[in-house]
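First up is the structure itself, then whatever we jot down about it.
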Amino acid sequence: MTVFSEPFDKKILLEMQAHYFGDMVKGVVDAANRKIALDAEMHADLETLLLQSGSRQADLWGFNLYPEMDGEDFIEFDSLINIRPNQGNRSRGIEDASLRILITDIINALCK
């Protein structure tokens with residue numbers, strides 16, 4: 001598991017995808033602090049890592065990256081940690097369009 005708050009070479013994702021799933025890398029974004037944690041078997045493990053480093057639960061959202069894909073196919077918003085009825089999110093996706101845009105911008109800014 002690795003936390004990124006500075007831009008990194010997207011090629012790192014190609015190495016990470018082989019660790020667990022072959023074509024995908026799980027990640028969690030801290031939307032408030034503009035950082036992401038990557039490379040674990042479960043989003044919950046990445047969430048715990050960020051919480052231990054001072055992130056707030058309300059700011060953490062799970063996603064999957066497909067390093068060999070581009071555009072909309074690169075990021076998938078699907079994680080059990082995203083189910084948060086108390087924050088108005090009742091699905092594994094991220095229902096708030098503006099939040100999806102913010103998270104996409106953070107991921108794209110860090111993965112170069």
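Here, A, B, ... name the chains of the structure tokens in the order displayed, residue numbers run from 1 inside each chain, and ligands are numbered from 1 in the same displayed order.
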
Identify, on the basis of only C-alpha atoms, every residue whose closest approach to Leu13 in chain A does not exceed 10 Å; exclude the query and any residue fewer than 2 positions from it along the same chain; express the result as a ChimeraX atom specification. /A:8-11,15-18,23-25,38-39,65-68,111

Give me every strand (DSSP E or B) residue in chain A, going by DSSP on the backbone, as a PyMOL selection string. chain A and resi 2-4+8+25-30+35-38+60-65+75-76+84+89+111

Requested write-out: C-alpha atoms of the selected residues, as a PDB file, in the first residue's frame:
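Here's the written file part.pdb:
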```pdb
ATOM      1  CA  THR A   2       1.290   3.402  -0.983  1.00  0.00           C
ATOM      2  CA  VAL A   3       0.008   6.940  -0.391  1.00  0.00           C
ATOM      3  CA  PHE A   4       0.592   9.571  -3.060  1.00  0.00           C
ATOM      4  CA  PHE A   8       3.778  10.062 -10.018  1.00  0.00           C
ATOM      5  CA  VAL A  25      -5.598  -1.306  -8.897  1.00  0.00           C
ATOM      6  CA  LYS A  26      -7.835  -0.473  -5.946  1.00  0.00           C
ATOM      7  CA  GLY A  27      -7.583   2.993  -4.481  1.00  0.00           C
ATOM      8  CA  VAL A  28      -9.034   5.385  -1.939  1.00  0.00           C
ATOM      9  CA  VAL A  29      -8.936   9.150  -2.303  1.00  0.00           C
ATOM     10  CA  ASP A  30      -8.862  11.713   0.475  1.00  0.00           C
ATOM     11  CA  LYS A  35      -4.072  12.387  -1.825  1.00  0.00           C
ATOM     12  CA  ILE A  36      -4.689   8.787  -2.800  1.00  0.00           C
ATOM     13  CA  ALA A  37      -3.778   5.416  -1.342  1.00  0.00           C
ATOM     14  CA  LEU A  38      -3.256   2.593  -3.837  1.00  0.00           C
ATOM     15  CA  LEU A  60     -12.532   9.070   1.853  1.00  0.00           C
ATOM     16  CA  TRP A  61     -13.965   7.456  -1.288  1.00  0.00           C
ATOM     17  CA  GLY A  62     -13.076   4.186  -3.010  1.00  0.00           C
ATOM     18  CA  PHE A  63     -12.344   3.642  -6.675  1.00  0.00           C
ATOM     19  CA  ASN A  64     -10.618   1.257  -9.072  1.00  0.00           C
ATOM     20  CA  LEU A  65      -8.068   2.169 -11.726  1.00  0.00           C
ATOM     21  CA  ILE A  75     -11.506   5.143 -13.332  1.00  0.00           C
ATOM     22  CA  GLU A  76     -14.360   3.105 -11.900  1.00  0.00           C
ATOM     23  CA  ARG A  84     -22.843   6.022   3.243  1.00  0.00           C
ATOM     24  CA  ASN A  89     -24.649   8.060  -0.850  1.00  0.00           C
ATOM     25  CA  CYS A 111      -1.346   9.932 -12.083  1.00  0.00           C
TER      26      CYS A 111
END
```

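Atom pair CA of Leu80 in chain A / CA of Met42 in chain A: separated by 9.4 Å.
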
Hey, what does DSSP flag as alpha helix (DSSP H) within chain A? Can you give it to me as an NGL selection string? :A and (11-20 or 43-52 or 97-110)

Could you dump the residues just selected with N, CA, C and O atoms as a short mmCIF file (atom, residue, chain, number, x, y, z; two decimals), in the first residue's frame?
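As a result, out_19.cif now contains:
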```
data_model
loop_
_atom_site.label_atom_id
_atom_site.label_comp_id
_atom_site.auth_asym_id
_atom_site.auth_seq_id
_atom_site.Cartn_x
_atom_site.Cartn_y
_atom_site.Cartn_z
N LYS A 11 3.05 4.70 -15.01
CA LYS A 11 3.62 3.37 -15.24
C LYS A 11 3.68 2.54 -13.96
O LYS A 11 3.66 1.32 -14.01
N ILE A 12 3.72 3.20 -12.82
CA ILE A 12 3.72 2.50 -11.53
C ILE A 12 2.46 1.65 -11.40
O ILE A 12 2.49 0.56 -10.84
N LEU A 13 1.36 2.13 -11.95
CA LEU A 13 0.10 1.39 -11.88
C LEU A 13 0.19 0.06 -12.61
O LEU A 13 -0.45 -0.91 -12.21
N LEU A 14 0.96 0.03 -13.69
CA LEU A 14 1.12 -1.22 -14.44
C LEU A 14 1.79 -2.29 -13.59
O LEU A 14 1.45 -3.47 -13.68
N GLU A 15 2.72 -1.89 -12.74
CA GLU A 15 3.36 -2.82 -11.82
C GLU A 15 2.39 -3.25 -10.72
O GLU A 15 2.31 -4.43 -10.36
N MET A 16 1.64 -2.29 -10.20
CA MET A 16 0.70 -2.58 -9.10
C MET A 16 -0.42 -3.51 -9.52
O MET A 16 -0.87 -4.33 -8.72
N GLN A 17 -0.88 -3.39 -10.75
CA GLN A 17 -2.04 -4.19 -11.17
C GLN A 17 -1.77 -5.68 -11.09
O GLN A 17 -2.70 -6.47 -10.90
N ALA A 18 -0.53 -6.08 -11.16
CA ALA A 18 -0.19 -7.50 -11.09
C ALA A 18 -0.23 -8.05 -9.67
O ALA A 18 -0.31 -9.26 -9.47
N HIS A 19 -0.22 -7.17 -8.66
CA HIS A 19 -0.17 -7.61 -7.27
C HIS A 19 -1.41 -8.38 -6.83
O HIS A 19 -1.31 -9.33 -6.07
N TYR A 20 -2.59 -7.94 -7.25
CA TYR A 20 -3.82 -8.55 -6.75
C TYR A 20 -4.80 -8.99 -7.84
O TYR A 20 -5.35 -10.07 -7.77
N HIS A 43 -10.47 -2.14 -0.44
CA HIS A 43 -10.53 -0.69 -0.23
C HIS A 43 -10.44 -0.35 1.25
O HIS A 43 -9.85 0.67 1.62
N ALA A 44 -11.03 -1.19 2.10
CA ALA A 44 -11.03 -0.94 3.54
C ALA A 44 -9.62 -0.85 4.12
O ALA A 44 -9.37 -0.09 5.06
N ASP A 45 -8.69 -1.62 3.56
CA ASP A 45 -7.30 -1.55 4.03
C ASP A 45 -6.68 -0.19 3.71
O ASP A 45 -5.96 0.39 4.54
N LEU A 46 -6.97 0.32 2.53
CA LEU A 46 -6.46 1.64 2.13
C LEU A 46 -7.13 2.73 2.95
O LEU A 46 -6.48 3.71 3.34
N GLU A 47 -8.42 2.56 3.20
CA GLU A 47 -9.16 3.51 4.03
C GLU A 47 -8.53 3.58 5.42
O GLU A 47 -8.30 4.68 5.96
N THR A 48 -8.22 2.44 6.00
CA THR A 48 -7.60 2.38 7.33
C THR A 48 -6.25 3.09 7.32
O THR A 48 -5.93 3.85 8.25
N LEU A 49 -5.45 2.86 6.30
CA LEU A 49 -4.15 3.51 6.18
C LEU A 49 -4.31 5.03 6.21
O LEU A 49 -3.58 5.73 6.92
N LEU A 50 -5.26 5.55 5.44
CA LEU A 50 -5.46 7.00 5.40
C LEU A 50 -6.02 7.53 6.72
O LEU A 50 -5.62 8.60 7.18
N LEU A 51 -6.92 6.79 7.34
CA LEU A 51 -7.45 7.21 8.63
C LEU A 51 -6.34 7.29 9.68
O LEU A 51 -6.30 8.22 10.49
N GLN A 52 -5.42 6.33 9.64
CA GLN A 52 -4.31 6.32 10.59
C GLN A 52 -3.34 7.48 10.36
O GLN A 52 -2.61 7.87 11.27
N ALA A 97 -22.42 14.03 -8.62
CA ALA A 97 -21.64 14.29 -9.84
C ALA A 97 -20.47 15.23 -9.58
O ALA A 97 -19.37 15.03 -10.10
N SER A 98 -20.67 16.25 -8.76
CA SER A 98 -19.58 17.20 -8.49
C SER A 98 -18.46 16.53 -7.70
O SER A 98 -17.28 16.83 -7.91
N LEU A 99 -18.80 15.61 -6.81
CA LEU A 99 -17.78 14.86 -6.07
C LEU A 99 -17.02 13.93 -7.00
O LEU A 99 -15.79 13.81 -6.90
N ARG A 100 -17.71 13.28 -7.93
CA ARG A 100 -17.02 12.43 -8.92
C ARG A 100 -16.04 13.24 -9.74
O ARG A 100 -14.92 12.80 -10.01
N ILE A 101 -16.43 14.45 -10.13
CA ILE A 101 -15.54 15.32 -10.91
C ILE A 101 -14.32 15.70 -10.08
O ILE A 101 -13.18 15.64 -10.57
N LEU A 102 -14.53 16.08 -8.82
CA LEU A 102 -13.42 16.44 -7.94
C LEU A 102 -12.44 15.27 -7.80
O LEU A 102 -11.22 15.44 -7.93
N ILE A 103 -12.98 14.10 -7.54
CA ILE A 103 -12.13 12.91 -7.35
C ILE A 103 -11.39 12.57 -8.64
O ILE A 103 -10.19 12.26 -8.61
N THR A 104 -12.07 12.65 -9.76
CA THR A 104 -11.42 12.40 -11.05
C THR A 104 -10.28 13.38 -11.28
O THR A 104 -9.20 13.00 -11.72
N ASP A 105 -10.51 14.65 -10.95
CA ASP A 105 -9.45 15.66 -11.10
C ASP A 105 -8.25 15.36 -10.22
O ASP A 105 -7.10 15.50 -10.65
N ILE A 106 -8.50 14.92 -8.98
CA ILE A 106 -7.39 14.59 -8.06
C ILE A 106 -6.59 13.41 -8.62
O ILE A 106 -5.36 13.46 -8.66
N ILE A 107 -7.29 12.37 -9.04
CA ILE A 107 -6.61 11.18 -9.57
C ILE A 107 -5.79 11.54 -10.80
O ILE A 107 -4.61 11.18 -10.90
N ASN A 108 -6.38 12.28 -11.72
CA ASN A 108 -5.68 12.65 -12.96
C ASN A 108 -4.51 13.59 -12.69
O ASN A 108 -3.51 13.55 -13.41
N ALA A 109 -4.60 14.42 -11.65
CA ALA A 109 -3.50 15.31 -11.32
C ALA A 109 -2.32 14.55 -10.73
O ALA A 109 -1.16 14.93 -10.93
N LEU A 110 -2.61 13.45 -10.03
CA LEU A 110 -1.53 12.67 -9.41
C LEU A 110 -0.96 11.60 -10.34
O LEU A 110 0.23 11.32 -10.28
#
```

Under the rule that only C-alpha atoms are counted, which of A:Ser79, A:Ser55, A:Ser5, A:Ser91 is the nearest residue to Ala32 in chain A?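 The closest residue to Ala32 in chain A is A:Ser55.
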
One number please: CA of Asp78 in chain A to CA of Ile94 in chain A, in Å, one decimal. 7.7 Å
